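Colleague: Here you go, one structure.
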Amino acid sequence: MRIPRNLEVWRLGTVNYLKALKLQEKLASDRKINKITDTLLSLQHPPTYTLGKRRTDYNLLVPESELKNMGAELHYTQRGGDITFHGPHQAILYPIISLRDIGLGARKYVENLESTMIELSSLYGVKAHGQRKCETGVWVGDRKIGAIGVRISTGITSHGLAFNIDPDLTFFKHIVPCGIADKDVTSLRRETDLVLPDDEVIQEQLVSCFARLFGYNDIIWKDKNVIEIDD
Amino acid sequence: MALRIWASSTANALRLSSATRPHFSPLSRCFSSVLDGLKYAHSHEWVKHEGHVATIGITDHAQDHLGEVVFVELPDIGGSVTKGTGFGAVESVKATSDVNSPICGEIVEVNTNLKETPGLINSSPYEKGWMIKVKPSNPSELEALMGPKEYTKFCEEEDGGH
(Lines give C-alpha, C1' and ligand atoms only; values in the text may rest on other atoms or scores of the structure.)
Protein backbone atom coordinates (compact mmCIF):
# COMPACT_ATOMS: atom_id res chain seq x y z
CA MET A 1 0.00 0.00 0.00
CA ARG A 2 1.42 3.35 -1.00
CA ILE A 3 1.92 5.77 1.85
CA PRO A 4 0.29 9.14 1.04
CA ARG A 5 2.87 11.82 0.40
CA ASN A 6 2.49 15.43 1.42
CA LEU A 7 4.29 18.44 0.06
CA GLU A 8 4.67 21.50 2.24
CA VAL A 9 4.83 24.65 0.12
CA TRP A 10 6.24 27.87 1.51
CA ARG A 11 5.11 31.01 -0.30
CA LEU A 12 7.90 33.44 0.42
CA GLY A 13 7.30 36.46 -1.82
CA THR A 14 10.51 38.22 -2.94
CA VAL A 15 13.61 36.97 -1.17
CA ASN A 16 17.27 37.96 -1.32
CA TYR A 17 19.29 35.19 -2.97
CA LEU A 18 21.65 34.49 -0.09
CA LYS A 19 18.81 34.41 2.44
CA ALA A 20 17.01 31.86 0.29
CA LEU A 21 20.20 29.82 -0.06
CA LYS A 22 20.75 29.78 3.70
CA LEU A 23 17.16 28.68 4.20
CA GLN A 24 17.57 25.87 1.66
CA GLU A 25 20.70 24.62 3.40
CA LYS A 26 18.90 24.45 6.72
CA LEU A 27 15.87 22.72 5.22
CA ALA A 28 18.01 20.22 3.29
CA SER A 29 19.83 19.37 6.48
CA ASP A 30 16.50 18.89 8.30
CA ARG A 31 15.12 16.82 5.44
CA LYS A 32 18.16 14.55 5.48
CA ILE A 33 17.43 13.54 9.06
CA ASN A 34 13.69 13.32 8.38
CA LYS A 35 12.93 16.20 10.69
CA ILE A 36 10.68 17.69 8.01
CA THR A 37 8.65 16.41 5.08
CA ASP A 38 9.33 17.24 1.42
CA THR A 39 9.23 21.03 1.21
CA LEU A 40 8.96 23.38 -1.75
CA LEU A 41 9.91 27.06 -1.67
CA SER A 42 7.94 29.27 -4.06
CA LEU A 43 9.43 32.74 -4.46
CA GLN A 44 10.98 35.43 -6.63
CA HIS A 45 14.39 37.12 -6.35
CA PRO A 46 15.46 40.74 -6.77
CA PRO A 47 17.81 41.12 -9.79
CA THR A 48 20.50 38.48 -9.26
CA TYR A 49 23.03 36.71 -11.46
CA THR A 50 24.23 33.29 -10.35
CA LEU A 51 26.92 30.88 -11.42
CA GLY A 52 27.06 27.13 -10.91
CA LYS A 53 29.74 24.81 -9.59
CA ARG A 54 31.74 25.04 -12.81
CA ARG A 55 32.17 28.78 -12.21
CA THR A 56 31.71 29.71 -15.85
CA ASP A 57 32.24 33.41 -15.24
CA TYR A 58 33.56 33.87 -18.77
CA ASN A 59 29.86 33.90 -19.65
CA LEU A 60 29.41 37.13 -17.71
CA LEU A 61 29.84 39.83 -20.35
CA VAL A 62 30.18 42.87 -18.12
CA PRO A 63 32.41 43.60 -15.11
CA GLU A 64 30.95 42.80 -11.72
CA SER A 65 31.08 46.47 -10.74
CA GLU A 66 28.67 47.28 -13.54
CA LEU A 67 26.18 44.75 -12.17
CA LYS A 68 26.11 46.68 -8.92
CA ASN A 69 25.28 49.86 -10.86
CA MET A 70 22.37 48.02 -12.42
CA GLY A 71 21.15 47.06 -8.97
CA ALA A 72 21.96 43.39 -9.43
CA GLU A 73 23.92 40.96 -7.26
CA LEU A 74 26.23 38.14 -8.36
CA HIS A 75 26.56 34.83 -6.50
CA TYR A 76 28.60 31.67 -6.94
CA THR A 77 26.74 28.49 -6.02
CA GLN A 78 27.12 24.72 -5.82
CA ARG A 79 24.28 23.96 -8.22
CA GLY A 80 24.64 22.43 -11.64
CA GLY A 81 24.23 24.50 -14.76
CA ASP A 82 25.79 27.65 -16.15
CA ILE A 83 25.26 31.36 -15.54
CA THR A 84 21.73 32.69 -15.30
CA PHE A 85 19.64 35.66 -14.20
CA HIS A 86 16.85 35.77 -11.64
CA GLY A 87 14.60 38.76 -11.13
CA PRO A 88 11.11 40.11 -10.52
CA HIS A 89 8.33 38.33 -12.44
CA GLN A 90 10.31 35.15 -12.74
CA ALA A 91 8.79 32.26 -10.81
CA ILE A 92 11.31 30.29 -8.77
CA LEU A 93 10.67 26.87 -7.25
CA TYR A 94 13.23 25.33 -4.90
CA PRO A 95 12.14 21.77 -4.03
CA ILE A 96 13.85 20.34 -0.97
CA ILE A 97 12.85 16.72 -1.43
CA SER A 98 14.26 13.27 -0.92
CA LEU A 99 14.88 11.64 -4.29
CA ARG A 100 15.71 8.34 -2.59
CA ASP A 101 12.25 8.18 -1.02
CA ILE A 102 10.67 8.36 -4.46
CA GLY A 103 13.34 6.36 -6.29
CA LEU A 104 14.34 9.08 -8.75
CA GLY A 105 17.79 9.73 -10.14
CA ALA A 106 19.06 13.13 -11.25
CA ARG A 107 18.05 12.63 -14.86
CA LYS A 108 14.44 11.71 -14.12
CA TYR A 109 14.15 14.45 -11.50
CA VAL A 110 15.27 17.10 -13.96
CA GLU A 111 12.92 15.73 -16.64
CA ASN A 112 10.06 16.14 -14.18
CA LEU A 113 11.11 19.72 -13.48
CA GLU A 114 11.05 20.37 -17.22
CA SER A 115 7.61 18.76 -17.47
CA THR A 116 6.38 21.01 -14.66
CA MET A 117 7.19 24.10 -16.70
CA ILE A 118 5.95 22.56 -19.95
CA GLU A 119 2.61 21.77 -18.33
CA LEU A 120 2.29 25.26 -16.88
CA SER A 121 3.04 26.76 -20.31
CA SER A 122 0.32 24.64 -21.89
CA LEU A 123 -2.25 26.15 -19.49
CA TYR A 124 -1.69 29.37 -21.42
CA GLY A 125 -1.69 27.75 -24.84
CA VAL A 126 2.09 27.82 -25.14
CA LYS A 127 3.73 24.71 -26.63
CA ALA A 128 7.01 24.27 -24.82
CA HIS A 129 9.43 21.36 -24.89
CA GLY A 130 12.40 20.11 -22.94
CA GLN A 131 15.58 18.14 -23.49
CA ARG A 132 16.43 20.09 -26.55
CA LYS A 133 19.43 18.31 -28.07
CA CYS A 134 20.54 17.32 -24.59
CA GLU A 135 20.37 20.96 -23.44
CA THR A 136 18.45 20.87 -20.18
CA GLY A 137 15.75 23.50 -19.87
CA VAL A 138 12.41 24.43 -21.36
CA TRP A 139 12.06 26.00 -24.79
CA VAL A 140 9.42 27.50 -27.01
CA GLY A 141 10.82 26.90 -30.44
CA ASP A 142 14.36 28.25 -30.20
CA ARG A 143 13.68 30.51 -27.26
CA LYS A 144 14.34 29.53 -23.66
CA ILE A 145 11.47 30.10 -21.24
CA GLY A 146 12.61 28.04 -18.25
CA ALA A 147 15.94 27.16 -16.70
CA ILE A 148 17.04 24.45 -14.30
CA GLY A 149 19.99 24.21 -11.93
CA VAL A 150 19.96 21.65 -9.19
CA ARG A 151 22.08 20.34 -6.36
CA ILE A 152 21.68 16.82 -4.99
CA SER A 153 23.42 16.00 -1.74
CA THR A 154 22.88 12.65 -0.02
CA GLY A 155 19.79 12.27 -2.15
CA ILE A 156 18.24 15.59 -1.04
CA THR A 157 17.60 18.29 -3.64
CA SER A 158 18.11 22.03 -3.45
CA HIS A 159 18.04 24.90 -5.94
CA GLY A 160 15.56 24.06 -8.72
CA LEU A 161 13.82 25.85 -11.55
CA ALA A 162 13.22 29.37 -12.82
CA PHE A 163 10.28 30.10 -15.12
CA ASN A 164 10.01 33.42 -16.97
CA ILE A 165 6.54 34.87 -16.41
CA ASP A 166 7.43 38.42 -17.47
CA PRO A 167 10.89 39.39 -16.26
CA ASP A 168 12.87 42.24 -17.78
CA LEU A 169 14.66 40.27 -20.46
CA THR A 170 17.27 42.97 -21.08
CA PHE A 171 19.09 41.69 -17.98
CA PHE A 172 19.92 38.56 -19.98
CA LYS A 173 21.90 40.65 -22.47
CA HIS A 174 24.76 40.95 -19.99
CA ILE A 175 25.41 37.20 -19.91
CA VAL A 176 25.61 34.28 -22.26
CA PRO A 177 22.56 32.68 -20.63
CA CYS A 178 23.22 29.08 -19.61
CA GLY A 179 26.32 29.24 -21.82
CA ILE A 180 24.27 29.15 -25.01
CA ALA A 181 25.32 32.00 -27.27
CA ASP A 182 22.97 31.95 -30.21
CA LYS A 183 19.55 31.41 -28.73
CA ASP A 184 17.05 33.88 -27.31
CA VAL A 185 15.42 34.04 -23.94
CA THR A 186 11.66 34.46 -23.79
CA SER A 187 8.79 34.67 -21.31
CA LEU A 188 5.20 33.53 -20.89
CA ARG A 189 4.10 37.09 -21.49
CA ARG A 190 5.80 37.12 -24.89
CA GLU A 191 4.61 33.71 -25.98
CA THR A 192 0.92 33.79 -25.05
CA ASP A 193 -1.94 35.86 -26.42
CA LEU A 194 -3.89 35.44 -23.20
CA VAL A 195 -4.03 38.10 -20.52
CA LEU A 196 -1.93 36.89 -17.62
CA PRO A 197 -3.27 36.85 -14.07
CA ASP A 198 -1.14 38.04 -11.13
CA ASP A 199 2.20 36.31 -10.65
CA GLU A 200 0.90 34.69 -7.46
CA VAL A 201 -1.77 32.84 -9.41
CA ILE A 202 0.75 31.59 -11.95
CA GLN A 203 3.16 30.52 -9.22
CA GLU A 204 0.40 28.55 -7.52
CA GLN A 205 -0.41 26.86 -10.80
CA LEU A 206 3.27 26.02 -11.25
CA VAL A 207 3.35 24.47 -7.79
CA SER A 208 0.22 22.44 -8.56
CA CYS A 209 1.82 21.13 -11.77
CA PHE A 210 4.89 20.13 -9.76
CA ALA A 211 2.84 18.38 -7.09
CA ARG A 212 0.83 16.45 -9.67
CA LEU A 213 3.87 15.36 -11.68
CA PHE A 214 5.71 14.20 -8.59
CA GLY A 215 2.72 12.28 -7.27
CA TYR A 216 2.00 14.18 -4.07
CA ASN A 217 -1.38 13.48 -2.54
CA ASP A 218 -1.70 16.71 -0.61
CA ILE A 219 -0.28 20.22 -0.64
CA ILE A 220 0.06 22.11 2.61
CA TRP A 221 0.35 25.81 1.81
CA LYS A 222 2.23 28.09 4.19
CA ASP A 223 2.84 31.80 3.81
CA LYS A 224 6.17 32.66 5.34
CA ASN A 225 8.21 35.74 5.92
CA VAL A 226 11.90 34.88 5.60
CA ILE A 227 12.91 37.36 8.28
CA GLU A 228 10.85 35.41 10.78
CA ILE A 229 12.48 32.15 9.72
CA ASP A 230 15.98 33.42 10.42
CA ASP A 231 15.52 32.57 14.06
CA MET B 1 7.98 -11.37 -9.58
CA ALA B 2 8.72 -15.11 -9.53
CA LEU B 3 10.41 -14.86 -12.93
CA ARG B 4 12.63 -12.06 -11.65
CA ILE B 5 13.77 -14.05 -8.63
CA TRP B 6 14.48 -17.09 -10.81
CA ALA B 7 16.46 -15.04 -13.29
CA SER B 8 18.42 -13.38 -10.55
CA SER B 9 19.34 -16.62 -8.80
CA THR B 10 20.16 -18.31 -12.09
CA ALA B 11 22.43 -15.43 -13.01
CA ASN B 12 24.16 -15.76 -9.67
CA ALA B 13 24.51 -19.51 -10.06
CA LEU B 14 26.12 -19.01 -13.46
CA ARG B 15 28.36 -16.34 -11.93
CA LEU B 16 27.42 -13.84 -14.59
CA SER B 17 29.62 -11.18 -13.12
CA SER B 18 30.69 -8.73 -15.79
CA ALA B 19 27.85 -9.53 -18.17
CA THR B 20 24.90 -7.19 -18.09
CA ARG B 21 21.97 -8.58 -16.24
CA PRO B 22 18.49 -7.66 -17.36
CA HIS B 23 16.22 -6.10 -14.80
CA PHE B 24 12.71 -7.33 -15.25
CA SER B 25 11.25 -4.38 -13.45
CA PRO B 26 9.09 -2.45 -15.92
CA LEU B 27 10.35 0.82 -14.47
CA SER B 28 13.97 0.00 -15.25
CA ARG B 29 15.28 1.82 -18.31
CA CYS B 30 18.11 -0.49 -19.26
CA PHE B 31 20.54 -3.05 -18.01
CA SER B 32 22.82 -2.05 -15.12
CA SER B 33 25.89 -4.15 -14.53
CA VAL B 34 27.10 -5.18 -11.10
CA LEU B 35 30.55 -6.69 -10.75
CA ASP B 36 31.76 -9.51 -8.53
CA GLY B 37 34.71 -8.73 -6.34
CA LEU B 38 33.54 -5.23 -5.46
CA LYS B 39 31.73 -3.85 -2.45
CA TYR B 40 28.87 -1.41 -2.73
CA ALA B 41 27.39 1.47 -0.74
CA HIS B 42 23.70 2.39 -0.48
CA SER B 43 24.58 5.69 -2.12
CA HIS B 44 25.73 3.77 -5.23
CA GLU B 45 29.51 3.98 -4.94
CA TRP B 46 31.72 0.90 -5.41
CA VAL B 47 34.97 -0.01 -3.69
CA LYS B 48 37.72 -2.34 -4.96
CA HIS B 49 40.18 -3.34 -2.26
CA GLU B 50 43.55 -4.52 -3.51
CA GLY B 51 46.36 -4.79 -0.98
CA HIS B 52 46.74 -1.48 0.83
CA VAL B 53 44.71 0.53 -1.67
CA ALA B 54 40.98 0.88 -2.20
CA THR B 55 39.69 2.31 -5.48
CA ILE B 56 36.35 4.12 -5.40
CA GLY B 57 33.92 5.10 -8.14
CA ILE B 58 30.20 5.21 -8.85
CA THR B 59 28.24 2.26 -10.18
CA ASP B 60 26.66 1.59 -13.54
CA HIS B 61 23.24 2.06 -11.92
CA ALA B 62 24.33 5.46 -10.63
CA GLN B 63 25.72 6.72 -13.93
CA ASP B 64 22.59 5.59 -15.76
CA HIS B 65 20.36 7.52 -13.37
CA LEU B 66 22.57 10.60 -13.59
CA GLY B 67 22.67 11.05 -17.33
CA GLU B 68 25.67 12.28 -19.27
CA VAL B 69 28.38 13.49 -16.89
CA VAL B 70 29.88 16.79 -18.04
CA PHE B 71 31.99 17.79 -15.05
CA VAL B 72 33.72 15.99 -12.19
CA GLU B 73 35.02 17.65 -9.03
CA LEU B 74 37.70 15.65 -7.25
CA PRO B 75 39.59 16.25 -4.00
CA ASP B 76 43.34 16.77 -3.62
CA ILE B 77 45.82 13.98 -3.02
CA GLY B 78 46.84 13.84 0.60
CA GLY B 79 43.41 14.81 1.88
CA SER B 80 41.24 12.40 3.81
CA VAL B 81 37.84 10.89 3.23
CA THR B 82 35.28 9.98 5.85
CA LYS B 83 32.76 7.18 5.56
CA GLY B 84 29.39 8.47 4.39
CA THR B 85 30.70 11.96 3.64
CA GLY B 86 31.11 13.64 0.26
CA PHE B 87 34.54 13.78 -1.35
CA GLY B 88 33.59 15.21 -4.71
CA ALA B 89 30.74 15.79 -7.11
CA VAL B 90 29.62 15.10 -10.65
CA GLU B 91 27.49 17.31 -12.85
CA SER B 92 24.96 15.97 -15.34
CA VAL B 93 21.74 17.44 -16.79
CA LYS B 94 22.34 20.70 -14.88
CA ALA B 95 22.43 18.80 -11.59
CA THR B 96 25.45 18.50 -9.33
CA SER B 97 25.37 15.31 -7.30
CA ASP B 98 27.68 14.74 -4.36
CA VAL B 99 29.70 11.54 -4.37
CA ASN B 100 30.23 9.97 -0.94
CA SER B 101 33.08 7.81 0.30
CA PRO B 102 32.04 4.38 1.58
CA ILE B 103 35.12 4.22 3.83
CA CYS B 104 37.57 6.34 5.82
CA GLY B 105 41.09 6.82 4.57
CA GLU B 106 43.80 8.94 3.02
CA ILE B 107 43.59 9.90 -0.66
CA VAL B 108 46.65 8.61 -2.50
CA GLU B 109 45.57 9.12 -6.10
CA VAL B 110 42.81 10.84 -8.09
CA ASN B 111 41.76 10.14 -11.67
CA THR B 112 42.87 13.28 -13.47
CA ASN B 113 41.57 11.89 -16.79
CA LEU B 114 38.08 12.77 -15.58
CA LYS B 115 38.89 16.45 -15.92
CA GLU B 116 39.22 16.19 -19.72
CA THR B 117 36.92 13.22 -20.20
CA PRO B 118 34.19 13.21 -17.55
CA GLY B 119 32.13 10.87 -19.75
CA LEU B 120 34.41 7.99 -18.73
CA ILE B 121 32.14 7.69 -15.71
CA ASN B 122 29.27 6.85 -18.09
CA SER B 123 31.17 4.66 -20.55
CA SER B 124 33.38 2.81 -18.06
CA PRO B 125 32.10 3.29 -14.50
CA TYR B 126 34.08 0.40 -13.00
CA GLU B 127 37.34 0.78 -14.89
CA LYS B 128 38.43 3.95 -16.67
CA GLY B 129 35.84 5.99 -14.73
CA TRP B 130 37.35 5.30 -11.28
CA MET B 131 37.45 8.45 -9.17
CA ILE B 132 39.88 8.17 -6.24
CA LYS B 133 42.27 5.71 -4.65
CA VAL B 134 42.41 5.61 -0.89
CA LYS B 135 44.55 4.01 1.80
CA PRO B 136 41.81 2.65 4.10
CA SER B 137 42.27 3.65 7.73
CA ASN B 138 39.95 0.92 8.90
CA PRO B 139 39.74 -2.01 6.43
CA SER B 140 36.99 -3.66 8.49
CA GLU B 141 34.63 -0.93 7.23
CA LEU B 142 34.61 -2.79 3.92
CA GLU B 143 32.87 -5.74 5.57
CA ALA B 144 29.87 -3.56 6.37
CA LEU B 145 29.32 -2.72 2.69
CA MET B 146 27.03 -4.68 0.37
CA GLY B 147 28.22 -7.50 -1.85
CA PRO B 148 27.15 -7.73 -5.51
CA LYS B 149 24.04 -9.86 -4.85
CA GLU B 150 22.83 -7.59 -2.07
CA TYR B 151 23.50 -4.47 -4.15
CA THR B 152 21.64 -5.88 -7.17
CA LYS B 153 18.62 -6.56 -4.98
CA PHE B 154 18.91 -3.09 -3.46
CA CYS B 155 18.86 -1.47 -6.93
CA GLU B 156 15.88 -3.55 -8.03
CA GLU B 157 13.95 -2.52 -4.95
CA GLU B 158 14.89 1.12 -5.36
CA ASP B 159 13.82 1.22 -8.99
CA GLY B 160 10.79 -0.99 -8.73
CA GLY B 161 9.30 -0.03 -5.44
CA HIS B 162 7.76 3.37 -6.33
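Just remember, in the C-alpha coordinates the first chain shown is A, the second B, etc., residues are 1-based per chain, and ligands are 1-based in the order shown.
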Could you tell me which residues of chain A sit within 8 Å of chain B when counting only C-alpha atoms, and give me the result as a PDB file with N, CA, C and O atoms, in the first residue's frame?
Modeller:
```pdb
ATOM      1  N   LYS A  53      28.514  25.386 -10.139  1.00  0.00           N
ATOM      2  CA  LYS A  53      29.736  24.810  -9.592  1.00  0.00           C
ATOM      3  C   LYS A  53      30.933  24.960 -10.534  1.00  0.00           C
ATOM      4  O   LYS A  53      32.076  25.055 -10.108  1.00  0.00           O
ATOM      5  N   ARG A  54      30.637  24.956 -11.843  1.00  0.00           N
ATOM      6  CA  ARG A  54      31.743  25.037 -12.806  1.00  0.00           C
ATOM      7  C   ARG A  54      32.308  26.452 -12.924  1.00  0.00           C
ATOM      8  O   ARG A  54      33.295  26.679 -13.622  1.00  0.00           O
ATOM      9  N   GLN A  78      26.718  26.117  -5.634  1.00  0.00           N
ATOM     10  CA  GLN A  78      27.119  24.717  -5.824  1.00  0.00           C
ATOM     11  C   GLN A  78      26.156  23.962  -6.732  1.00  0.00           C
ATOM     12  O   GLN A  78      26.231  22.746  -6.860  1.00  0.00           O
ATOM     13  N   ARG A  79      25.244  24.646  -7.358  1.00  0.00           N
ATOM     14  CA  ARG A  79      24.276  23.961  -8.217  1.00  0.00           C
ATOM     15  C   ARG A  79      24.905  23.584  -9.549  1.00  0.00           C
ATOM     16  O   ARG A  79      25.967  24.082  -9.926  1.00  0.00           O
ATOM     17  N   GLY A  80      24.210  22.723 -10.284  1.00  0.00           N
ATOM     18  CA  GLY A  80      24.641  22.430 -11.639  1.00  0.00           C
ATOM     19  C   GLY A  80      24.193  23.548 -12.560  1.00  0.00           C
ATOM     20  O   GLY A  80      23.415  24.418 -12.171  1.00  0.00           O
ATOM     21  N   GLY A  81      24.664  23.501 -13.794  1.00  0.00           N
ATOM     22  CA  GLY A  81      24.233  24.501 -14.756  1.00  0.00           C
ATOM     23  C   GLY A  81      25.186  25.666 -14.865  1.00  0.00           C
ATOM     24  O   GLY A  81      26.131  25.802 -14.085  1.00  0.00           O
ATOM     25  N   ASP A  82      24.902  26.545 -15.809  1.00  0.00           N
ATOM     26  CA  ASP A  82      25.792  27.646 -16.152  1.00  0.00           C
ATOM     27  C   ASP A  82      25.280  28.931 -15.509  1.00  0.00           C
ATOM     28  O   ASP A  82      24.539  28.900 -14.539  1.00  0.00           O
ATOM     29  N   ARG A 100      15.630   9.766  -2.928  1.00  0.00           N
ATOM     30  CA  ARG A 100      15.709   8.344  -2.586  1.00  0.00           C
ATOM     31  C   ARG A 100      14.349   7.802  -2.176  1.00  0.00           C
ATOM     32  O   ARG A 100      13.985   6.688  -2.500  1.00  0.00           O
ATOM     33  N   ILE A 102      11.552   8.589  -3.306  1.00  0.00           N
ATOM     34  CA  ILE A 102      10.674   8.359  -4.458  1.00  0.00           C
ATOM     35  C   ILE A 102      11.391   7.635  -5.594  1.00  0.00           C
ATOM     36  O   ILE A 102      10.858   7.483  -6.676  1.00  0.00           O
ATOM     37  N   GLY A 103      12.624   7.177  -5.323  1.00  0.00           N
ATOM     38  CA  GLY A 103      13.344   6.359  -6.290  1.00  0.00           C
ATOM     39  C   GLY A 103      13.678   7.059  -7.597  1.00  0.00           C
ATOM     40  O   GLY A 103      13.668   6.449  -8.660  1.00  0.00           O
ATOM     41  N   LEU A 104      13.976   8.349  -7.538  1.00  0.00           N
ATOM     42  CA  LEU A 104      14.338   9.079  -8.751  1.00  0.00           C
ATOM     43  C   LEU A 104      15.830   9.378  -8.769  1.00  0.00           C
ATOM     44  O   LEU A 104      16.419   9.718  -7.752  1.00  0.00           O
ATOM     45  N   GLY A 105      16.423   9.263  -9.967  1.00  0.00           N
ATOM     46  CA  GLY A 105      17.795   9.731 -10.138  1.00  0.00           C
ATOM     47  C   GLY A 105      17.770  11.151 -10.657  1.00  0.00           C
ATOM     48  O   GLY A 105      16.705  11.708 -10.955  1.00  0.00           O
ATOM     49  N   ALA A 106      18.956  11.736 -10.816  1.00  0.00           N
ATOM     50  CA  ALA A 106      19.064  13.131 -11.249  1.00  0.00           C
ATOM     51  C   ALA A 106      18.360  13.361 -12.584  1.00  0.00           C
ATOM     52  O   ALA A 106      17.623  14.329 -12.772  1.00  0.00           O
ATOM     53  N   ARG A 107      18.582  12.441 -13.500  1.00  0.00           N
ATOM     54  CA  ARG A 107      18.053  12.628 -14.859  1.00  0.00           C
ATOM     55  C   ARG A 107      16.526  12.700 -14.853  1.00  0.00           C
ATOM     56  O   ARG A 107      15.918  13.595 -15.436  1.00  0.00           O
ATOM     57  N   LYS A 108      15.899  11.761 -14.161  1.00  0.00           N
ATOM     58  CA  LYS A 108      14.435  11.713 -14.123  1.00  0.00           C
ATOM     59  C   LYS A 108      13.878  12.906 -13.345  1.00  0.00           C
ATOM     60  O   LYS A 108      12.848  13.471 -13.700  1.00  0.00           O
ATOM     61  N   VAL A 110      15.180  15.913 -13.104  1.00  0.00           N
ATOM     62  CA  VAL A 110      15.269  17.100 -13.957  1.00  0.00           C
ATOM     63  C   VAL A 110      14.221  17.048 -15.072  1.00  0.00           C
ATOM     64  O   VAL A 110      13.612  18.067 -15.407  1.00  0.00           O
ATOM     65  N   CYS A 134      19.797  17.537 -25.820  1.00  0.00           N
ATOM     66  CA  CYS A 134      20.543  17.317 -24.586  1.00  0.00           C
ATOM     67  C   CYS A 134      20.845  18.599 -23.821  1.00  0.00           C
ATOM     68  O   CYS A 134      21.672  18.631 -22.933  1.00  0.00           O
ATOM     69  N   GLU A 135      20.203  19.708 -24.162  1.00  0.00           N
ATOM     70  CA  GLU A 135      20.374  20.962 -23.435  1.00  0.00           C
ATOM     71  C   GLU A 135      19.209  21.085 -22.459  1.00  0.00           C
ATOM     72  O   GLU A 135      18.091  21.375 -22.848  1.00  0.00           O
ATOM     73  N   THR A 136      19.501  20.868 -21.196  1.00  0.00           N
ATOM     74  CA  THR A 136      18.448  20.868 -20.183  1.00  0.00           C
ATOM     75  C   THR A 136      17.783  22.231 -20.079  1.00  0.00           C
ATOM     76  O   THR A 136      18.450  23.255 -20.077  1.00  0.00           O
ATOM     77  N   ILE A 148      16.913  25.373 -15.431  1.00  0.00           N
ATOM     78  CA  ILE A 148      17.041  24.451 -14.304  1.00  0.00           C
ATOM     79  C   ILE A 148      18.488  24.416 -13.836  1.00  0.00           C
ATOM     80  O   ILE A 148      19.409  24.420 -14.645  1.00  0.00           O
ATOM     81  N   GLY A 149      18.660  24.396 -12.521  1.00  0.00           N
ATOM     82  CA  GLY A 149      19.993  24.214 -11.934  1.00  0.00           C
ATOM     83  C   GLY A 149      19.780  23.613 -10.569  1.00  0.00           C
ATOM     84  O   GLY A 149      19.108  24.193  -9.733  1.00  0.00           O
ATOM     85  N   VAL A 150      20.336  22.440 -10.365  1.00  0.00           N
ATOM     86  CA  VAL A 150      19.964  21.655  -9.191  1.00  0.00           C
ATOM     87  C   VAL A 150      21.200  21.180  -8.434  1.00  0.00           C
ATOM     88  O   VAL A 150      22.262  20.990  -9.023  1.00  0.00           O
ATOM     89  N   ARG A 151      21.034  20.996  -7.141  1.00  0.00           N
ATOM     90  CA  ARG A 151      22.082  20.338  -6.359  1.00  0.00           C
ATOM     91  C   ARG A 151      21.461  19.147  -5.658  1.00  0.00           C
ATOM     92  O   ARG A 151      20.355  19.252  -5.120  1.00  0.00           O
ATOM     93  N   ILE A 152      22.166  18.013  -5.683  1.00  0.00           N
ATOM     94  CA  ILE A 152      21.677  16.822  -4.986  1.00  0.00           C
ATOM     95  C   ILE A 152      22.761  16.367  -4.022  1.00  0.00           C
ATOM     96  O   ILE A 152      23.871  16.028  -4.441  1.00  0.00           O
ATOM     97  N   SER A 153      22.435  16.380  -2.740  1.00  0.00           N
ATOM     98  CA  SER A 153      23.421  16.003  -1.737  1.00  0.00           C
ATOM     99  C   SER A 153      22.808  14.958  -0.814  1.00  0.00           C
ATOM    100  O   SER A 153      21.791  15.226  -0.183  1.00  0.00           O
ATOM    101  N   THR A 154      23.427  13.793  -0.765  1.00  0.00           N
ATOM    102  CA  THR A 154      22.877  12.651  -0.021  1.00  0.00           C
ATOM    103  C   THR A 154      21.404  12.436  -0.390  1.00  0.00           C
ATOM    104  O   THR A 154      20.554  12.220   0.478  1.00  0.00           O
TER     105      THR A 154
END
```
Colleague: Can you list every residue in region 5-188 of chain A that DSSP puts in alpha helix (DSSP H), as number ranges by chain?
Modeller: A: 17-32, 64-70, 99-102, 106-123, 188
Colleague: Between A:Ala28, A:Ile92, A:Leu113, A:Leu61, single out the one closest to Cys209 (chain A), counting only C-alpha atoms.
Modeller: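 Nearest to Cys209 (chain A): A:Leu113.
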Colleague: My list of candidates is B:Ile77, B:Met131, B:Gly51, B:Asp60. Which is closest to Leu35 (chain B) when distances are computed with only C-alpha atoms?
Modeller: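 Under the stated criterion, the closest residue is B:Asp60.
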Colleague: Of the residues A:Asp198, A:Glu111, A:Asp218, A:Glu66, which is the one nearest to Ile165 (chain A), using only C-alpha atoms?
Modeller: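 Of A:Asp198, A:Glu111, A:Asp218, A:Glu66, the one nearest Ile165 (chain A), counting only C-alpha atoms, is A:Asp198.
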Colleague: Could you check the closest approach to Thr157 (chain A) for each of A:Leu213, A:Leu93, A:Ala72, A:Leu60 and tell me which residue wins, using only C-alpha atoms?
Modeller: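 Looking at the shortest contact to Thr157 (chain A), the residue is A:Leu93.
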Colleague: Sorted by chain and rising residue number, which residues of region 31-133 of chain A lie within 8 Å of region 12-25 of chain A, and what are their closest atom pairs and distances in Å to one decimal, counting only C-alpha atoms, as a tab-separated table?
Modeller:
```
residue	atom	partner	partner_atom	distance
A:Leu41	CA	A:Leu12	CA	7.0
A:Ser42	CA	A:Leu12	CA	6.1
A:Leu43	CA	A:Gly13	CA	5.0
A:Gln44	CA	A:Thr14	CA	4.6
A:His45	CA	A:Val15	CA	5.2
A:Pro46	CA	A:Asn16	CA	6.4
A:Thr48	CA	A:Tyr17	CA	7.2
A:Pro88	CA	A:Thr14	CA	7.8
A:Tyr94	CA	A:Gln24	CA	7.9
A:Ile96	CA	A:Gln24	CA	7.2
```
Colleague: Tell me, in Å to one decimal, how far CA of Thr50 (chain A) is from CA of Pro167 (chain A).
Modeller: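 One can read the CA of Thr50 (chain A) to CA of Pro167 (chain A) distance as 15.8 Å.
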Colleague: Go through region 14-191 of chain A and collect every residue that DSSP, computed from the backbone, puts in strand (DSSP E); the answer should be as an MDAnalysis selection string.
Modeller: chainID A and resid 14 39:44 48:51 73:76 84:86 90:96 129:132 135:140 143:153 156:164 184:185
Colleague: Env of Leu7 (chain A): 6 Å cut, atoms = only C-alpha atoms, seq-sep filter 3 positions within chain, self excluded. Answer as a count of residues only.
Modeller: 3
Colleague: Taking 6 positions as the minimum chain separation for residues in the same chain, which residues sit within 12 Å of Ile83 (chain A) when counting only C-alpha atoms? Answer as a PyMOL selection string.
Modeller: (chain A and resi 48-61+74-77+147-149+172+174-181) or (chain B and resi 94)
Colleague: With a distance cut-off of 9 Å and only C-alpha atoms, select the neighbouring residues of region 142-144 of chain B, excluding the residue or stretch itself and same-chain residues fewer than 2 positions from it, and output the selection as an NGL selection string.
Modeller: :B and (39-40 or 47 or 49 or 102-103 or 138-140 or 146-147)
Colleague: If we count only C-alpha atoms, what is near Asn111 (chain B) at a cut-off of 12 Å, once residues fewer than 4 positions away on the same chain are taken out, given as a VMD selection string?
Modeller: chain B and resid 55 to 57 72 to 77 88 107 115 to 118 120 to 121 127 to 134
